[in-house]
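Chemist: Pasting work_20.cif below, which is mmCIF, C-alpha atoms.
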```cif
data_my_file
loop_
_atom_site.label_atom_id
_atom_site.label_comp_id
_atom_site.auth_asym_id
_atom_site.auth_seq_id
_atom_site.Cartn_x
_atom_site.Cartn_y
_atom_site.Cartn_z
CA MET X 497 17.31 -51.58 47.45
CA ASP X 498 18.38 -51.23 51.08
CA CYS X 499 16.70 -49.17 53.82
CA ASP X 500 18.98 -46.13 53.38
CA ALA X 501 18.22 -45.97 49.69
CA PHE X 502 14.52 -46.43 50.38
CA ARG X 503 14.44 -43.53 52.83
CA ASN X 504 16.39 -41.34 50.44
CA GLU X 505 13.77 -41.82 47.76
CA MET X 506 10.72 -42.39 49.91
CA LEU X 507 9.49 -38.82 49.48
CA ASP X 508 9.05 -39.38 45.74
CA LEU X 509 6.76 -42.28 46.55
CA LEU X 510 4.98 -40.33 49.29
CA TYR X 511 4.14 -37.49 46.91
CA GLY X 512 3.54 -39.59 43.83
CA GLU X 513 6.58 -38.30 41.97
CA ALA X 514 8.56 -41.51 41.70
CA ALA X 515 9.45 -42.63 38.20
CA PRO X 516 7.75 -45.95 37.38
CA ALA X 517 10.90 -48.03 37.72
CA THR X 518 11.91 -46.36 40.99
CA GLY X 519 8.37 -46.67 42.29
CA ARG X 520 8.42 -50.42 41.67
CA ARG X 521 11.69 -50.83 43.55
CA LEU X 522 10.40 -48.74 46.45
CA GLU X 523 7.18 -50.73 46.60
CA GLU X 524 9.10 -53.99 46.56
CA HIS X 525 11.30 -52.85 49.41
CA GLN X 526 8.51 -51.63 51.65
CA ALA X 527 6.55 -54.82 51.03
CA ALA X 528 9.50 -56.78 52.40
CA CYS X 529 10.63 -54.38 55.17
CA PRO X 530 8.22 -53.78 58.07
CA SER X 531 10.24 -50.86 59.45
CA CYS X 532 10.32 -48.90 56.20
CA ARG X 533 6.70 -49.81 55.53
CA GLU X 534 5.71 -48.36 58.89
CA GLU X 535 7.81 -45.23 58.32
CA LEU X 536 6.05 -44.61 55.03
CA ALA X 537 2.67 -45.29 56.62
CA SER X 538 3.53 -42.89 59.45
CA LEU X 539 4.33 -40.11 56.99
CA ARG X 540 1.09 -40.80 55.14
CA ARG X 541 -0.83 -40.43 58.38
CA LEU X 542 1.05 -37.23 59.08
CA ARG X 543 0.02 -35.88 55.67
CA ARG X 544 -3.61 -36.62 56.49
CA ASP X 545 -3.24 -34.64 59.72
CA LEU X 546 -1.53 -31.78 57.92
CA ALA X 547 -4.42 -31.58 55.47
CA ALA X 548 -6.62 -30.44 58.35
CA TRP X 549 -5.12 -26.96 58.12
CA GLN X 550 -7.31 -25.17 55.61
CA VAL X 551 -7.07 -21.62 54.41
CA PRO X 552 -10.14 -19.65 55.57
CA ALA X 553 -12.77 -19.45 52.84
CA ASP X 554 -13.04 -15.68 53.17
CA LEU X 555 -9.32 -15.07 52.98
CA GLY X 556 -9.49 -13.27 49.65
CA ARG X 557 -12.50 -11.17 50.44
CA THR X 558 -10.93 -8.07 51.81
CA PRO X 559 -13.10 -4.98 52.24
CA GLU X 560 -12.91 -2.96 49.04
CA SER X 561 -11.59 0.14 50.71
CA ARG X 562 -8.58 -1.79 51.95
CA VAL X 563 -7.94 -3.35 48.57
CA ARG X 564 -7.94 0.00 46.88
CA THR X 565 -5.72 1.86 49.27
CA PRO X 566 -2.44 0.05 49.98
CA LEU X 567 -0.42 2.54 47.99
CA LEU X 568 -2.24 5.50 49.49
CA ALA X 569 -1.62 4.06 52.94
CA ALA X 570 2.02 3.55 52.10
CA ALA X 571 2.32 7.11 50.78
CA ALA X 572 0.61 8.48 53.87
CA ALA X 573 2.93 6.50 56.10
CA LEU X 574 5.92 7.74 54.13
CA VAL X 575 4.77 11.33 54.52
CA LEU X 576 4.27 10.79 58.23
CA LEU X 577 7.65 9.18 58.61
CA VAL X 578 9.46 11.91 56.67
CA GLY X 579 7.44 14.96 57.62
CA GLY X 580 6.63 13.84 61.11
CA GLY X 581 10.28 13.64 61.98
CA TRP X 582 10.66 17.34 61.38
CA ALA X 583 7.34 18.74 62.51
CA LEU X 584 6.74 16.48 65.46
CA ARG X 585 10.12 16.12 67.07
CA GLY X 586 9.88 13.54 69.80
CA SER X 587 6.83 11.98 68.22
CA GLU X 588 6.97 8.45 66.96
CA VAL X 589 5.60 6.41 64.07
CA ARG X 590 5.94 2.70 64.60
CA TYR X 591 5.07 -0.30 62.49
CA GLU X 592 3.96 -3.01 64.85
CA GLN X 593 2.19 -6.24 64.05
CA GLY X 594 1.26 -5.10 60.58
CA ARG X 595 -0.18 -1.76 61.64
CA PHE X 596 1.05 1.77 61.94
CA ALA X 597 0.89 3.30 65.38
CA PHE X 598 1.44 7.01 65.99
CA ARG X 599 2.35 8.60 69.31
CA PHE X 600 2.70 12.34 69.96
CA GLY X 601 5.90 13.19 71.73
CA GLN X 602 7.23 16.27 73.49
CA GLY X 603 9.00 18.50 71.04
CA SER X 604 10.98 21.50 72.18
CA GLY X 605 8.17 23.75 70.89
CA ASN X 606 5.89 22.36 73.62
CA ALA X 607 8.00 23.68 76.49
CA GLU X 608 5.59 26.51 77.31
CA LEU X 609 2.67 24.13 77.28
CA GLN X 610 4.47 21.72 79.58
CA ALA X 611 5.47 24.51 81.98
CA ALA X 612 1.88 25.82 82.14
CA LEU X 613 0.54 22.34 82.87
CA ALA X 614 3.14 21.75 85.58
CA ALA X 615 2.29 25.09 87.25
CA GLN X 616 -1.40 24.29 87.14
CA GLU X 617 -0.79 20.88 88.66
CA GLU X 618 1.18 22.43 91.51
CA ARG X 619 -1.61 24.96 92.20
CA HIS X 620 -4.14 22.13 92.28
CA ARG X 621 -2.00 20.21 94.72
CA VAL X 622 -1.81 23.17 97.13
CA ASP X 623 -5.53 23.85 96.79
CA MET X 624 -6.41 20.21 97.43
CA GLN X 625 -4.29 20.16 100.60
CA SER X 626 -6.07 23.26 101.81
CA LEU X 627 -9.45 21.76 101.00
CA ARG X 628 -8.63 18.53 102.86
CA ARG X 629 -7.64 20.48 105.95
CA SER X 630 -10.83 22.52 105.94
CA LEU X 631 -12.99 19.42 105.34
CA ALA X 632 -11.35 17.66 108.26
CA SER X 633 -12.38 20.40 110.66
CA THR X 634 -15.77 21.45 109.27
CA PRO X 635 -18.30 20.03 106.82
CA PRO X 636 -18.12 21.62 103.37
CA SER X 637 -19.95 24.89 103.19
CA ASP X 638 -21.71 26.35 100.19
CA GLU X 639 -18.70 28.57 99.73
CA THR X 640 -16.35 25.57 99.65
CA LEU X 641 -18.50 23.80 97.10
CA ARG X 642 -18.65 26.95 95.01
CA ARG X 643 -14.85 27.23 95.12
CA VAL X 644 -14.43 23.62 94.08
CA GLN X 645 -16.81 24.07 91.17
CA GLN X 646 -14.94 27.21 90.16
CA TRP X 647 -11.60 25.35 90.28
CA ILE X 648 -12.98 22.64 88.09
CA ALA X 649 -14.40 25.12 85.60
CA ASP X 650 -11.12 27.08 85.53
CA SER X 651 -9.11 23.94 85.12
CA GLU X 652 -11.23 22.71 82.23
CA ALA X 653 -10.99 26.08 80.52
CA ARG X 654 -7.22 26.17 80.87
CA GLN X 655 -6.83 22.62 79.62
CA ALA X 656 -9.05 23.34 76.62
CA THR X 657 -7.08 26.47 75.77
CA LEU X 658 -3.75 24.75 76.10
CA VAL X 659 -4.81 21.77 74.05
CA ALA X 660 -6.39 23.94 71.35
CA THR X 661 -3.31 26.14 71.17
CA GLY X 662 -1.00 23.15 71.00
CA LEU X 663 -3.03 21.41 68.35
CA ALA X 664 -3.35 24.54 66.23
CA ARG X 665 0.40 25.04 66.33
CA LEU X 666 0.98 21.41 65.53
CA GLU X 667 -1.48 21.44 62.65
CA GLU X 668 0.07 24.57 61.19
CA ARG X 669 3.56 23.12 61.23
CA THR X 670 2.47 19.69 60.06
CA GLU X 671 0.52 21.12 57.12
CA ALA X 672 3.44 23.23 55.97
CA ARG X 673 5.79 20.31 56.23
CA ARG X 674 3.28 17.94 54.63
CA GLN X 675 3.08 20.07 51.50
CA PHE X 676 6.84 20.23 51.28
CA ASP X 677 7.21 16.49 51.83
CA MET X 678 4.51 15.63 49.32
CA ALA X 679 6.50 17.50 46.71
CA GLN X 680 9.65 15.67 47.78
CA VAL X 681 7.94 12.28 47.79
CA GLY X 682 6.50 12.92 44.35
CA ALA X 683 9.87 13.94 43.01
CA GLY X 684 11.52 10.97 44.72
CA LEU X 685 9.08 8.46 43.30
CA SER X 686 9.47 9.92 39.83
CA TYR X 687 13.22 9.70 40.17
CA LEU X 688 13.02 6.09 41.36
CA ASP X 689 10.78 5.19 38.47
CA GLY X 690 13.30 6.62 36.05
CA LYS X 691 11.15 8.39 33.52
CA ALA X 692 8.65 10.36 35.50
CA GLY X 693 5.56 10.66 33.32
CA LEU X 694 5.71 7.35 31.52
CA GLN X 695 6.52 5.35 34.61
CA ALA X 696 3.83 7.01 36.69
CA ALA X 697 1.29 6.13 34.04
CA ARG X 698 2.58 2.56 33.91
CA THR X 699 2.43 2.25 37.68
CA THR X 700 -1.17 3.44 37.69
CA GLU X 701 -2.00 1.08 34.87
CA LEU X 702 -0.43 -1.95 36.47
CA MET X 703 -2.11 -1.27 39.80
CA GLY X 704 -5.38 -1.07 37.92
CA HIS X 705 -4.69 -4.42 36.29
CA VAL X 706 -3.82 -6.12 39.53
CA LEU X 707 -6.81 -4.74 41.39
CA GLN X 708 -9.28 -5.37 38.60
CA ALA X 709 -8.06 -8.88 38.05
CA SER X 710 -8.11 -9.77 41.71
CA GLN X 711 -11.63 -8.38 42.12
CA ARG X 712 -13.01 -10.08 39.03
CA LYS X 713 -11.75 -13.36 40.39
CA MET D 314 -15.85 -27.00 20.92
CA ARG D 315 -14.42 -25.20 23.95
CA PRO D 316 -11.30 -23.17 23.38
CA MET D 317 -8.21 -24.62 25.01
CA THR D 318 -7.12 -22.99 28.24
CA PRO D 319 -3.86 -21.20 27.57
CA SER D 320 -0.90 -22.33 29.60
CA ASP D 321 0.95 -19.97 31.91
CA GLU D 322 3.80 -19.85 29.47
CA GLU D 323 1.49 -18.91 26.59
CA LEU D 324 -0.01 -16.16 28.68
CA VAL D 325 3.43 -14.88 29.59
CA GLU D 326 4.32 -14.77 25.90
CA ARG D 327 1.11 -12.90 25.09
CA PHE D 328 1.89 -10.39 27.83
CA GLN D 329 5.41 -9.92 26.59
CA ASN D 330 4.00 -9.28 23.12
CA GLY D 331 1.88 -6.44 24.46
CA ASP D 332 -1.37 -8.16 25.50
CA ARG D 333 -1.75 -6.80 29.01
CA SER D 334 -5.02 -8.66 29.52
CA ALA D 335 -3.03 -11.90 29.67
CA PHE D 336 -1.89 -10.82 33.09
CA ASP D 337 -5.51 -10.66 34.25
CA ILE D 338 -5.88 -14.35 33.48
CA LEU D 339 -2.67 -15.18 35.29
CA VAL D 340 -3.83 -13.23 38.33
CA ARG D 341 -7.19 -15.00 38.37
CA ARG D 342 -5.38 -18.31 38.08
CA TRP D 343 -2.75 -17.71 40.75
CA ASP D 344 -4.10 -15.09 43.13
CA ARG D 345 -5.82 -17.51 45.47
CA LYS D 346 -2.88 -19.93 45.52
CA ILE D 347 -0.41 -17.19 46.28
CA GLN D 348 -2.68 -15.93 49.03
CA GLY D 349 -2.80 -19.40 50.51
CA ALA D 350 0.97 -19.70 50.49
CA ILE D 351 1.42 -16.28 52.08
CA TYR D 352 -1.23 -17.03 54.68
CA ARG D 353 0.53 -20.23 55.66
CA LEU D 354 3.97 -18.69 55.64
CA MET D 355 3.08 -15.55 57.54
CA GLY D 356 0.12 -16.52 59.67
CA PRO D 357 -3.27 -14.88 60.09
CA GLY D 358 -1.82 -11.86 61.86
CA GLU D 359 -0.39 -10.50 58.65
CA ASP D 360 -2.23 -8.63 55.97
CA VAL D 361 -2.29 -11.44 53.46
CA ARG D 362 -4.24 -9.47 50.88
CA ASP D 363 -1.72 -6.63 50.84
CA LEU D 364 1.25 -8.98 50.64
CA THR D 365 -0.42 -10.83 47.78
CA GLN D 366 -0.98 -7.60 45.92
CA GLU D 367 2.62 -6.63 46.53
CA ALA D 368 3.77 -9.94 45.08
CA LEU D 369 1.49 -9.61 42.05
CA LEU D 370 2.63 -6.06 41.52
CA LYS D 371 6.23 -7.19 41.49
CA ALA D 372 5.27 -9.96 39.09
CA TYR D 373 3.61 -7.45 36.78
CA ARG D 374 6.69 -5.27 36.86
CA GLY D 375 9.02 -8.17 36.16
CA LEU D 376 6.95 -10.16 33.70
CA GLY D 377 8.10 -8.17 30.70
CA THR D 378 11.66 -9.34 31.22
CA PHE D 379 10.86 -12.77 32.65
CA LYS D 380 13.11 -15.37 31.07
CA LYS D 381 11.37 -18.62 30.43
CA GLU D 382 14.19 -20.68 31.89
CA ALA D 383 12.04 -21.45 34.93
CA ARG D 384 8.36 -22.17 35.17
CA PHE D 385 6.10 -19.18 35.68
CA SER D 386 4.69 -20.82 38.83
CA SER D 387 8.14 -21.23 40.36
CA TRP D 388 9.01 -17.66 39.49
CA LEU D 389 5.78 -16.34 41.00
CA TYR D 390 6.23 -18.33 44.20
CA GLN D 391 9.78 -17.06 44.40
CA ILE D 392 8.47 -13.50 44.32
CA ALA D 393 5.87 -14.30 46.98
CA LEU D 394 8.50 -15.91 49.19
CA ASN D 395 10.73 -12.87 48.86
CA VAL D 396 7.85 -10.59 49.77
CA CYS D 397 7.24 -12.71 52.87
CA ARG D 398 10.91 -12.74 53.79
CA ASP D 399 11.12 -8.96 53.41
CA ARG D 400 8.10 -8.54 55.63
CA MET D 401 9.54 -10.91 58.24
CA ARG D 402 12.76 -8.94 58.26
CA ARG D 403 10.91 -5.66 58.66
CA VAL D 404 8.62 -6.91 61.40
CA ARG D 405 11.15 -8.26 63.84
CA GLY D 406 9.90 -10.60 66.46
CA LYS D 407 6.84 -11.30 64.37
CA SER D 408 8.45 -13.65 61.95
CA THR D 409 6.34 -16.55 62.95
CA LEU D 410 2.77 -17.05 63.84
CA SER D 411 2.12 -16.55 67.51
CA PHE D 412 0.06 -18.97 69.48
CA GLU D 413 -2.07 -16.07 70.65
CA ASP D 414 -2.95 -15.27 67.04
CA LEU D 415 -4.03 -18.79 66.44
CA SER D 416 -5.93 -19.39 69.60
CA GLU D 417 -7.71 -16.03 69.72
CA GLY D 418 -8.50 -16.94 73.26
CA GLY D 419 -5.06 -17.91 74.44
CA GLU D 420 -5.95 -21.57 74.68
CA LEU D 421 -3.90 -22.83 71.84
CA PRO D 422 -1.45 -25.59 72.60
CA GLY D 423 2.16 -24.63 72.33
CA ALA D 424 5.40 -26.54 72.33
CA THR D 425 6.03 -25.93 75.99
CA GLY D 426 2.60 -24.96 77.21
CA PRO D 427 -0.54 -26.93 77.80
CA SER D 428 -0.77 -30.56 78.75
CA ALA D 429 -1.72 -33.35 76.38
CA LEU D 430 -5.10 -33.51 78.07
CA GLU D 431 -5.75 -29.87 77.30
CA LEU D 432 -4.69 -30.43 73.74
CA ILE D 433 -7.05 -33.33 73.34
CA GLU D 434 -9.80 -31.26 74.83
CA THR D 435 -9.36 -28.49 72.31
CA ARG D 436 -9.90 -30.95 69.46
CA ASP D 437 -8.82 -28.30 67.07
CA LEU D 438 -6.50 -30.15 64.77
CA SER D 439 -6.37 -27.35 62.26
CA ARG D 440 -4.96 -24.86 64.74
CA GLN D 441 -2.55 -27.38 66.16
CA VAL D 442 -1.23 -28.16 62.70
CA ALA D 443 -0.96 -24.43 61.94
CA ALA D 444 1.00 -23.87 65.13
CA ALA D 445 3.27 -26.81 64.41
CA VAL D 446 4.01 -25.67 60.85
CA ASN D 447 4.67 -22.13 61.97
CA ALA D 448 7.01 -23.34 64.67
CA LEU D 449 9.28 -24.86 62.02
CA PRO D 450 12.48 -23.07 61.06
CA GLN D 451 11.75 -20.78 58.12
CA GLU D 452 13.67 -22.81 55.55
CA GLN D 453 11.77 -25.97 56.45
CA ARG D 454 8.47 -24.14 56.67
CA GLU D 455 8.87 -22.78 53.17
CA VAL D 456 9.48 -26.21 51.71
CA VAL D 457 6.66 -27.82 53.69
CA VAL D 458 4.18 -25.14 52.64
CA LEU D 459 5.17 -25.28 48.98
CA LYS D 460 5.04 -29.07 48.88
CA GLU D 461 2.30 -30.02 51.25
CA TYR D 462 -0.12 -27.16 50.74
CA GLN D 463 0.73 -25.65 47.37
CA GLY D 464 1.36 -28.97 45.69
CA LEU D 465 4.49 -27.92 43.81
CA THR D 466 6.72 -30.63 42.44
CA PHE D 467 10.17 -31.04 43.92
CA LEU D 468 11.61 -29.52 40.76
CA GLU D 469 9.35 -26.46 40.99
CA ILE D 470 10.32 -25.96 44.63
CA ALA D 471 13.99 -26.27 43.74
CA GLU D 472 13.47 -23.57 41.10
CA ALA D 473 11.49 -21.30 43.39
CA LEU D 474 14.04 -21.54 46.17
CA ASP D 475 17.04 -21.77 43.88
CA LEU D 476 18.25 -24.88 45.67
CA PRO D 477 19.42 -28.33 44.58
CA LEU D 478 16.73 -31.00 44.55
CA SER D 479 18.53 -32.96 47.24
CA THR D 480 18.48 -29.95 49.60
CA VAL D 481 14.77 -29.49 49.01
CA LYS D 482 14.10 -33.12 49.91
CA THR D 483 16.34 -32.99 52.95
CA ARG D 484 14.58 -29.89 54.27
CA LEU D 485 11.20 -31.44 53.62
CA TYR D 486 12.08 -34.69 55.36
CA ARG D 487 13.44 -32.83 58.37
CA GLY D 488 10.40 -30.59 58.42
CA LEU D 489 8.03 -33.54 58.28
CA GLY D 490 10.01 -35.20 61.04
CA GLN D 491 9.68 -32.15 63.28
CA LEU D 492 5.99 -31.85 62.52
CA ARG D 493 5.48 -35.47 63.39
CA GLN D 494 7.25 -35.06 66.72
CA GLN D 495 5.35 -31.89 67.48
CA LEU D 496 1.97 -33.43 66.71
CA VAL D 497 2.78 -36.51 68.77
CA ARG D 498 3.66 -34.20 71.67
CA GLN D 499 0.30 -32.52 71.18
CA GLY D 500 -1.46 -35.83 71.53
CA ILE D 501 -2.23 -36.40 67.88
CA GLY D 502 -1.28 -40.01 67.77
CA GLY D 503 -0.24 -42.59 65.31
CA THR D 504 2.52 -40.65 63.63
CA ALA D 505 5.53 -41.59 65.71
CA PRO D 506 8.75 -41.91 63.70
CA VAL D 507 10.02 -45.33 62.85
CA PRO D 508 13.75 -45.87 63.29
CA ALA D 509 15.48 -47.28 60.27
CA PRO D 510 16.94 -50.71 60.82
CA SER D 511 20.67 -50.98 60.44
CA SER D 512 21.27 -52.29 56.97
#
```
Spell out the structure here as structure tokens.

Modeler:
Amino acid sequence: MDCDAFRNEMLDLLYGEAAPATGRRLEEHQAACPSCREELASLRRLRRDLAAWQVPADLGRTPESRVRTPLLAAAAALVLLVGGGWALRGSEVRYEQGRFAFRFGQGSGNAELQAALAAQEERHRVDMQSLRRSLASTPPSDETLRRVQQWIADSEARQATLVATGLARLEERTEARRQFDMAQVGAGLSYLDGKAGLQAARTTELMGHVLQASQRK
Amino acid sequence: MRPMTPSDEELVERFQNGDRSAFDILVRRWDRKIQGAIYRLMGPGEDVRDLTQEALLKAYRGLGTFKKEARFSSWLYQIALNVCRDRMRRVRGKSTLSFEDLSEGGELPGATGPSALELIETRDLSRQVAAAVNALPQEQREVVVLKEYQGLTFLEIAEALDLPLSTVKTRLYRGLGQLRQQLVRQGIGGTAPVPAPSS
């Protein structure tokens, strides 16, 4: 056996898979060839280093709630992806680094809200300029402080109203769309499974098997 | 006298004859190994448990029509690999383990990052090996994980990857070579490659 042949078959020897006759020839060669002997020894040392990478002992112990809900999570994400596109135009569902992230966008239905906020911001800017001017000339009076407190209270009330109105509208539309999409998703899954009732039962059964078996482990 | 432990193939046959409980035994036997493979292929940033369940679910769905031309283990690993590949495709830019994931504090040695001195100081061989394996090209990483960590035979790997034996060995040898170079660069000594003499 020459060095090329040795290196072609060396992995069998390294992993203990060489047939007896091949193993003998490989052993004979490495005994006589310092270079091949050192190459094999180097790979054996490498394997010892590689063995240092252990799987964490708690890898399989996932919190029960997470084990039980992957399909629910997937269904929820599907509903968000389908329904959200309609009800929350401009909003975004992203799957990043193994997690879903949701960001509210600015749908056309929010135009009034945006306009009201912009007007309020402009009023605040004018009021703040006026306040700065008055503070530069005279120390703040009780009246000034009262006005500032009133602005803050008014601002908070307006913000709360706008947010509540926006959220209520959003919730209303999302709920209506959610119900519609749930029906569509259900019908879609049944269609994909072929025979609706039987397949749904089988899916439930097999999930039960997988989960039970993995938890009894 | 203890009853003999049924082989995978016997359990598959029992399942195909209607004994669904046979799958429970297969899951208990393979769940942890599949998790280990997925963990090493995908890295700690991924939801290993969910991917494992996805693989086992696919196995359950396909077991009824599984042809016994290949070993059950090869077939199961093939499913797990496909689940991982699908996930990698879906999560672009996250196909390999990041050094940040491994270091948790950003101190992990990388191929172009810290000095050898810093690497020696970390003395965290496990993380360095993990980083080196995850820096391999996917096709080499798959073979290295299946051989080195899952202990599959070359034949089983060839079945799982649907590749010729010679390709499996070539990928493994190249993968080991890259790992050796990477670990030497990281200051883990004694594994430098030995050039073959001209023969």

Chemist: For atom CA of Glu535 of chain X and atom CA of Asp500 of chain X, quote the distance in Å rounded to one decimal.

Modeler: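 Atom CA of Glu535 of chain X sits 12.2 Å away from atom CA of Asp500 of chain X.
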
Chemist: Could you jot down the atom CA of Gly488 of chain D to atom CA of Gln453 of chain D separation for me, Å, one decimal place?

Modeler: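 Between these atoms lies a distance of 5.2 Å.
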
Chemist: Counting all atoms listed in the file, which of D:Val396, D:Ala383, D:Ile338, D:Val404 gets nearest to Asp363 of chain D?

Modeler: D:Val396

Chemist: May I ask which of the residues X:Asp554, X:Asp650, X:Glu617, X:Glu505 is the closest one to Cys532 of chain X, counting all atoms listed in the file?

Modeler: X:Glu505

Chemist: Just so the selection is clear, what residues does the PyMOL selection byres ((chain D and resi 365-371) around 10) cover here, as number ranges by chain?

Modeler: X: 556, 563, 566-567, 699, 702-703, 705-707, 710; D: 336, 339-340, 343-352, 360-364, 372-376, 389-397
